[in-house]
Each structure stands twice: as structure tokens, then as C-alpha cells.
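One file, upload-v7.tsv, is given below (TSV, C-alpha atoms and all ligand atoms).
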```tsv
chain	number	residue	atom	x	y	z
O	1	MET	CA	-3.11	46.22	-24.58
O	2	THR	CA	0.05	47.43	-22.87
O	3	THR	CA	2.29	45.51	-20.49
O	4	THR	CA	5.25	47.06	-18.72
O	5	SER	CA	7.89	44.42	-19.44
O	6	SER	CA	8.63	41.26	-21.32
O	7	VAL	CA	6.66	38.99	-18.95
O	8	PRO	CA	4.47	36.35	-20.61
O	9	ALA	CA	1.22	37.97	-21.79
O	10	LEU	CA	-2.00	37.38	-19.88
O	11	ALA	CA	-4.03	37.11	-23.09
O	12	GLN	CA	-1.77	34.31	-24.27
O	13	ALA	CA	-2.06	32.53	-20.91
O	14	LEU	CA	-5.85	32.73	-21.09
O	15	THR	CA	-5.86	30.92	-24.44
O	16	ARG	CA	-4.10	27.97	-22.80
O	17	SER	CA	-6.10	27.99	-19.58
O	18	GLU	CA	-9.26	26.37	-18.32
O	19	LEU	CA	-11.96	28.25	-16.44
O	20	LEU	CA	-12.40	26.42	-13.13
O	21	PHE	CA	-14.76	28.58	-11.06
O	22	LYS	CA	-16.78	31.57	-12.13
O	23	ARG	CA	-17.74	34.52	-10.01
O	24	GLU	CA	-21.26	33.34	-9.09
O	25	ASP	CA	-19.92	30.00	-7.80
O	26	LEU	CA	-17.26	31.74	-5.74
O	27	GLU	CA	-19.71	34.25	-4.30
O	28	THR	CA	-21.97	31.42	-3.16
O	29	VAL	CA	-19.07	29.61	-1.54
O	30	ILE	CA	-17.85	32.80	0.16
O	31	ALA	CA	-21.32	33.40	1.62
O	32	HIS	CA	-21.16	29.93	3.17
O	33	ILE	CA	-17.74	30.63	4.64
O	34	GLY	CA	-19.19	33.80	6.18
O	35	ARG	CA	-21.87	31.78	7.99
O	36	ALA	CA	-19.29	29.27	9.21
O	37	VAL	CA	-17.01	32.04	10.49
O	38	ASP	CA	-19.90	33.63	12.38
O	39	ALA	CA	-20.61	30.29	14.04
O	40	ALA	CA	-16.96	29.79	14.97
O	41	LEU	CA	-16.53	33.30	16.37
O	42	ASP	CA	-19.68	32.98	18.47
O	43	GLY	CA	-19.85	36.75	18.93
O	44	GLU	CA	-16.15	37.37	19.56
O	45	ARG	CA	-14.68	40.39	17.77
O	46	ALA	CA	-11.74	38.98	15.79
O	47	VAL	CA	-8.89	40.68	14.00
O	48	PHE	CA	-9.52	40.09	10.29
O	49	LEU	CA	-5.98	39.87	8.96
O	50	THR	CA	-5.78	39.94	5.18
O	51	VAL	CA	-2.62	38.62	3.50
O	52	MET	CA	-1.99	41.06	0.67
O	53	ASN	CA	-2.03	41.17	-2.29
O	54	GLY	CA	-3.71	37.96	-3.30
O	55	ALA	CA	-6.46	38.01	-0.67
O	56	LEU	CA	-7.75	41.46	-1.60
O	57	MET	CA	-10.84	40.31	-3.51
O	58	PHE	CA	-11.68	37.31	-1.34
O	59	GLY	CA	-11.07	39.32	1.82
O	60	ALA	CA	-13.46	42.08	0.81
O	61	GLN	CA	-16.22	39.66	-0.12
O	62	LEU	CA	-15.71	37.51	2.95
O	63	ALA	CA	-15.77	40.51	5.26
O	64	LEU	CA	-19.13	41.56	3.80
O	65	ALA	CA	-20.46	38.03	4.35
O	66	ILE	CA	-19.56	37.96	8.06
O	67	ARG	CA	-22.17	39.44	10.42
O	68	THR	CA	-20.00	39.57	13.54
O	69	ASP	CA	-18.21	42.90	13.98
O	70	LEU	CA	-14.51	42.72	13.11
O	71	GLU	CA	-11.34	44.75	13.47
O	72	PHE	CA	-9.28	45.00	10.27
O	73	ASP	CA	-5.58	44.84	9.64
O	74	TYR	CA	-3.38	43.38	6.94
O	75	VAL	CA	0.02	41.89	6.36
O	76	HIS	CA	1.95	41.73	3.15
O	77	ALA	CA	4.07	38.65	2.83
O	78	THR	CA	5.13	37.37	-0.56
O	79	ARG	CA	6.91	34.24	-1.64
O	80	TYR	CA	6.14	34.09	-5.34
O	81	ARG	CA	6.92	37.74	-6.17
O	82	GLY	CA	5.09	37.59	-9.48
O	83	ALA	CA	6.64	34.28	-10.54
O	84	THR	CA	4.89	30.91	-10.88
O	85	SER	CA	6.94	29.06	-8.26
O	86	GLY	CA	7.60	30.06	-4.64
O	87	LYS	CA	10.88	30.93	-2.95
O	88	ASP	CA	11.73	32.54	0.43
O	89	LEU	CA	9.04	34.50	2.23
O	90	HIS	CA	9.51	38.27	2.24
O	91	TRP	CA	7.67	40.37	4.79
O	92	LEU	CA	6.66	43.70	3.30
O	93	ARG	CA	4.23	44.70	6.06
O	94	GLU	CA	3.69	43.35	9.55
O	95	PRO	CA	0.43	43.68	11.54
O	96	SER	CA	-0.07	47.02	13.29
O	97	VAL	CA	-2.97	46.08	15.57
O	98	SER	CA	-1.98	44.34	18.82
O	99	LEU	CA	-2.82	40.65	18.53
O	100	GLN	CA	-2.24	39.97	22.23
O	101	GLY	CA	-5.12	37.84	23.53
O	102	ARG	CA	-7.08	38.19	20.31
O	103	VAL	CA	-8.77	35.77	17.97
O	104	VAL	CA	-7.25	36.30	14.52
O	105	LEU	CA	-8.99	35.36	11.30
O	106	LEU	CA	-6.18	34.98	8.80
O	107	VAL	CA	-7.49	35.46	5.27
O	108	ASP	CA	-5.66	34.41	2.12
O	109	ASP	CA	-6.56	33.54	-1.43
O	110	ILE	CA	-4.78	30.21	-1.70
O	111	LEU	CA	-3.21	27.50	0.43
O	112	ASP	CA	-0.69	25.94	-1.91
O	113	GLU	CA	2.49	24.64	-0.28
O	114	GLY	CA	1.48	26.36	2.96
O	115	HIS	CA	4.73	28.20	3.67
O	116	THR	CA	3.10	31.63	3.61
O	117	LEU	CA	0.17	30.86	5.89
O	118	LYS	CA	2.29	28.82	8.27
O	119	ALA	CA	4.76	31.67	8.69
O	120	VAL	CA	2.03	34.29	9.13
O	121	ARG	CA	0.05	32.07	11.53
O	122	ASP	CA	3.17	31.41	13.62
O	123	ASP	CA	3.91	35.13	13.67
O	124	CYS	CA	0.39	35.84	14.97
O	125	LEU	CA	0.90	33.31	17.77
O	126	ARG	CA	4.29	34.87	18.64
O	127	ARG	CA	2.47	38.19	18.92
O	128	GLY	CA	0.17	36.66	21.53
O	129	ALA	CA	-2.94	35.72	19.54
O	130	LYS	CA	-4.99	33.27	21.60
O	131	ARG	CA	-6.46	31.58	18.52
O	132	VAL	CA	-5.76	31.82	14.81
O	133	LEU	CA	-8.39	30.69	12.33
O	134	VAL	CA	-7.40	30.38	8.69
O	135	ALA	CA	-9.81	31.17	5.85
O	136	THR	CA	-8.82	30.53	2.24
O	137	LEU	CA	-10.73	30.89	-0.99
O	138	CYS	CA	-9.03	27.83	-2.45
O	139	ARG	CA	-6.53	25.12	-1.76
O	140	LYS	CA	-4.51	23.01	-4.13
O	141	LEU	CA	-4.69	19.26	-4.00
O	142	HIS	CA	-1.18	17.79	-3.80
O	143	ASP	CA	1.09	16.27	-1.18
O	144	ARG	CA	3.62	19.11	-0.97
O	145	CYS	CA	1.88	21.13	1.74
O	146	VAL	CA	4.11	21.73	4.77
O	147	GLU	CA	3.16	20.01	8.02
O	148	GLY	CA	1.11	21.87	10.58
O	149	ILE	CA	-1.02	24.22	8.51
O	150	GLN	CA	-4.50	23.82	7.11
O	151	SER	CA	-7.54	25.95	6.35
O	152	ASP	CA	-10.27	26.08	8.96
O	153	PHE	CA	-12.54	27.46	6.24
O	154	ASN	CA	-11.93	26.84	2.55
O	155	GLY	CA	-13.98	27.63	-0.53
O	156	VAL	CA	-12.91	25.41	-3.41
O	157	GLU	CA	-10.31	22.76	-4.16
O	158	LEU	CA	-8.01	23.05	-7.13
O	159	PRO	CA	-5.94	20.74	-9.29
O	160	ASP	CA	-2.17	20.89	-8.96
O	161	ARG	CA	-1.68	23.46	-11.72
O	162	TYR	CA	-0.82	27.14	-11.73
O	163	VAL	CA	-4.00	29.14	-11.16
O	164	PHE	CA	-4.84	32.83	-11.50
O	165	GLY	CA	-7.73	35.27	-11.25
O	166	TYR	CA	-9.86	36.37	-8.29
O	167	GLY	CA	-6.84	37.93	-6.61
O	168	MET	CA	-4.23	35.46	-7.81
O	169	ASP	CA	-1.71	36.65	-10.33
O	170	TYR	CA	-0.07	35.41	-13.47
O	171	TYR	CA	3.19	37.36	-13.48
O	172	GLU	CA	1.37	40.15	-11.57
O	173	GLN	CA	-1.41	40.18	-14.19
O	174	GLY	CA	-4.96	38.89	-14.07
O	175	ARG	CA	-5.68	39.48	-10.39
O	176	ASN	CA	-8.95	41.26	-11.18
O	177	LEU	CA	-10.33	38.55	-13.45
O	178	PRO	CA	-13.70	37.61	-11.87
O	179	ALA	CA	-13.05	33.85	-12.07
O	180	ILE	CA	-10.34	31.27	-11.30
O	181	TYR	CA	-8.41	29.86	-14.27
O	182	ALA	CA	-5.78	27.10	-14.40
O	183	LEU	CA	-3.00	26.82	-16.92
O	184	LYS	CA	-3.48	23.65	-18.92
O	185	GLU	CA	0.18	22.65	-18.69
L	201	LIG	O1	1.00	28.22	0.16
L	201	LIG	P1	2.12	28.92	-0.53
L	201	LIG	O2	2.88	28.03	-1.47
L	201	LIG	O3	3.02	29.67	0.42
L	201	LIG	O4	1.46	29.97	-1.52
L	201	LIG	C1	0.36	30.76	-1.15
L	201	LIG	C2	0.72	32.22	-1.15
L	201	LIG	O5	1.24	32.60	-2.42
L	201	LIG	C3	0.54	33.74	-2.89
L	201	LIG	O6	1.19	34.90	-2.48
L	201	LIG	P2	2.40	35.53	-3.30
L	201	LIG	O7	3.68	35.19	-2.65
L	201	LIG	O8	2.27	35.19	-4.76
L	201	LIG	O9	2.14	37.06	-3.10
L	201	LIG	P3	0.82	37.87	-3.54
L	201	LIG	O10	-0.22	37.59	-2.48
L	201	LIG	O11	1.24	39.29	-3.54
L	201	LIG	O12	0.41	37.34	-4.88
L	201	LIG	C4	-0.82	33.63	-2.25
L	201	LIG	O13	-1.44	34.89	-2.16
L	201	LIG	C5	-0.51	33.04	-0.90
L	201	LIG	O14	-0.24	34.05	0.06
L	202	LIG	O1	-1.07	28.65	-8.39
L	202	LIG	C1	-0.90	29.80	-7.88
L	202	LIG	N1	-1.33	30.91	-8.52
L	202	LIG	C2	-1.17	32.16	-8.00
L	202	LIG	N2	-0.59	32.40	-6.85
L	202	LIG	C3	-0.15	31.33	-6.17
L	202	LIG	N3	0.46	31.30	-4.98
L	202	LIG	C4	0.69	30.03	-4.70
L	202	LIG	N4	0.25	29.22	-5.71
L	202	LIG	C5	-0.29	30.03	-6.63
```

Could you show the structure in this file as C-alpha cells?
Amino acid sequence: MTTTSSVPALAQALTRSELLFKREDLETVIAHIGRAVDAALDGERAVFLTVMNGALMFGAQLALAIRTDLEFDYVHATRYRGATSGKDLHWLREPSVSLQGRVVLLVDDILDEGHTLKAVRDDCLRRGAKRVLVATLCRKLHDRCVEGIQSDFNGVELPDRYVFGYGMDYYEQGRNLPAIYALKE
């Protein structure tokens, strides 16, 4: 196995990790979110705004689970930049579709401390979105989440440990693991 730098190895991390949710469980949960989003949209064509990179896998599966037609766009905002703790938010790509008067479904892999989704949600509102709904695959259970942001639709709840897989990275590795793992320490 080759890695490009001296970052901690994924294989090593997996030996000290616990499998929390496997693919089948997550697919079931995502299907339920799809139904709930359809009910909330009530036929309105929303902008499905994926927060790259982490939401890539969840976003694709959620989109396929939603029956209402959607318009797609993405943003790339990163706070962790491959590390295991977050810093300032960096915008790498802003939305290109006009959000004026639109319902936006903001899609991300994880709500952790909430800085990323709060900033992206506020940006959507500044751009004129009339309503922003937030869908996350998972959220972490702790009391460090910033005020004023929550998921309208969430798949699973996680312990307060570093997690990876299903879009989430361990030093930019492991995003395409078909399950969610948590480091044991
Ligand atoms: O709630 P927060 O504490 O803000 O953390 C959640 C954000 O962190 C991750 O993104 P990251 O910055 O790692 O970029 P990535 O999506 O490219 O992995 C994740 O995809 C969320 O967007
Ligand atoms: O625990 C995490 N794992 C991966 N990405 C993240 N972004 C915020 N928290 C996490």
C-alpha cells in the first residue's frame, strides 16, 4: 500500500478503531431521510447543495432516495483540511446556481461543532434563499456545537470521537470505506 506522505497510516488507524455503522444500516437510514425530505419539500424543486468533499457519498445516495425533482450544485468549504481537529473555514468553491427565492437542501456528512454548516447556511440566506433545510448523515453527541445550527434530517448519532469512512476522512484517507468507524482513543 502506498501513501504520499508521512501522515498516520489508515491501516494502523483501522486496527485501533471500532466499526459503528455498516453500509446496509446507513443505506436504510438514508432511504428514510429521502422520504422525509420528499414530505418536507411537498413538491417544491429545491437546490440540492452538497458540501464537498465529505458529503460526496451521502449526497449521491440521498439524491437517489429523493423522488422530488432537484437542481444540483455544490460548495467546497473545509475547516479540518485533512487534520483531526477543525480550524478556520476556507471556502474553495461557492454556489454557482442563484439561490434567490429558492429552497436549499444543504447536504453534509457530519454535524460536529457546526461551524461549517452554520457558515454555509448563513451564506445561502445572504444569497436570498427563502428556506434552508439541513440534511446530515451523522451528528456527534457533545455540547460543543455552536448555537443556531441543527440538522433538519439526520441519519445516525455518534460518540464524541474522531470518525471516518463513508465520505469522512482520516488524514484524507478512508473516505471510500463503506462504513463509519470511530477511533478508540
Ligand atoms: O461541524 P464542523 O465541526 O464544522 O465539522 C463538520 C465539517 O467537517 C468536515 O469537513 P472538512 O473541513 O473536514 O472538509 P472535507 O469535507 O473536505 O472533509 C465535514 O465534511 C463537515 O463539512
Ligand atoms: O470526526 C470527524 N471525522 C471526519 N471529519 C470530521 N469533520 C468534523 N468532525 C469529523

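Closest approach to Leu105 in chain O among O:Arg67, O:Arg45, O:Arg79, O:Arg161: O:Arg45, based on all atoms listed in the file.
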
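Relative to CA of Leu106 in chain O, CA of Val75 in chain O is found at 9.6 Å.
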
**Study point:** For range 94-96 of chain O: contacts at 7 Å, only C-alpha atoms, fewer than 6 positions along chain excluded, given as an NGL selection string
**Key:** :O and (73-76)

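Coordinates place CA of Leu158 in chain O at a distance of 14.9 Å from atom O3 of ligand LIG 201 (chain L).
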
Practice item. Grab me every residue within 10 Å of ligand LIG 201 (chain L), counting all atoms listed in the file, and send it over as a PyMOL selection string. Key: chain O and resi 50-56+75-92+107-120+136+138-140+144-146+149-150+164+167-173+175

Exercise for review: May I ask for the distance between CA of Ala65 in chain O and CA of Arg131 in chain O, given in Å to one decimal place?
Suggested key: 20.9 Å

List as an mmCIF file with C-alpha atoms, keeping the file's coordinate frame the protein and nucleic acid residues near Phe72 in chain O, meaning an atom at most 9 Å away when only C-alpha atoms are counted, but skip any in the same chain fewer than 2 places from it.
```cif
data_model
loop_
_atom_site.group_PDB
_atom_site.id
_atom_site.type_symbol
_atom_site.label_atom_id
_atom_site.label_comp_id
_atom_site.auth_asym_id
_atom_site.auth_seq_id
_atom_site.Cartn_x
_atom_site.Cartn_y
_atom_site.Cartn_z
ATOM 1 C CA ALA O 46 -11.740 38.980 15.790
ATOM 2 C CA VAL O 47 -8.890 40.680 14.000
ATOM 3 C CA PHE O 48 -9.520 40.090 10.290
ATOM 4 C CA LEU O 49 -5.980 39.870 8.960
ATOM 5 C CA THR O 50 -5.780 39.940 5.180
ATOM 6 C CA LEU O 70 -14.510 42.720 13.110
ATOM 7 C CA TYR O 74 -3.380 43.380 6.940
ATOM 8 C CA VAL O 97 -2.970 46.080 15.570
#
```

**Study point:** Shell around Pro159 in chain O at 9 Å using only C-alpha atoms, local window under 3 positions removed, as a PyMOL selection string
**Key:** chain O and resi 139-142+162-163+182

Within 6 Å of (-12.4, 27.9, 7.4), all atoms listed in the file: residues as a compact mmCIF listing (two decimals) with C-alpha atoms, in the frame of the given file?
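Writing done, so here's out_33.txt:
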```txt
# COMPACT_ATOMS: atom_id res chain seq x y z
CA VAL O 134 -7.40 30.38 8.69
CA ALA O 135 -9.81 31.17 5.85
CA SER O 151 -7.54 25.95 6.35
CA ASP O 152 -10.27 26.08 8.96
CA PHE O 153 -12.54 27.46 6.24
CA ASN O 154 -11.93 26.84 2.55
```

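Among the candidates O:Leu137, O:Leu64, O:Ile30, O:Leu99, the one nearest to ligand LIG 202 (chain L) when counting all atoms listed in the file is O:Leu137.
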
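Among the candidate residues O:Gln61, O:Gln100, O:Glu185, O:Arg93, the one lying nearest to Arg127 in chain O is O:Gln100, with distances computed using only C-alpha atoms.
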
Neighbours of Pro178 in chain O within 7 Å (all atoms listed in the file; same-chain residues fewer than 4 positions away dropped), as a compact mmCIF listing (two decimals) with C-alpha atoms, in the coordinates of the input?
```
# COMPACT_ATOMS: atom_id res chain seq x y z
CA LYS O 22 -16.78 31.57 -12.13
CA ARG O 23 -17.74 34.52 -10.01
CA GLY O 165 -7.73 35.27 -11.25
CA TYR O 166 -9.86 36.37 -8.29
```
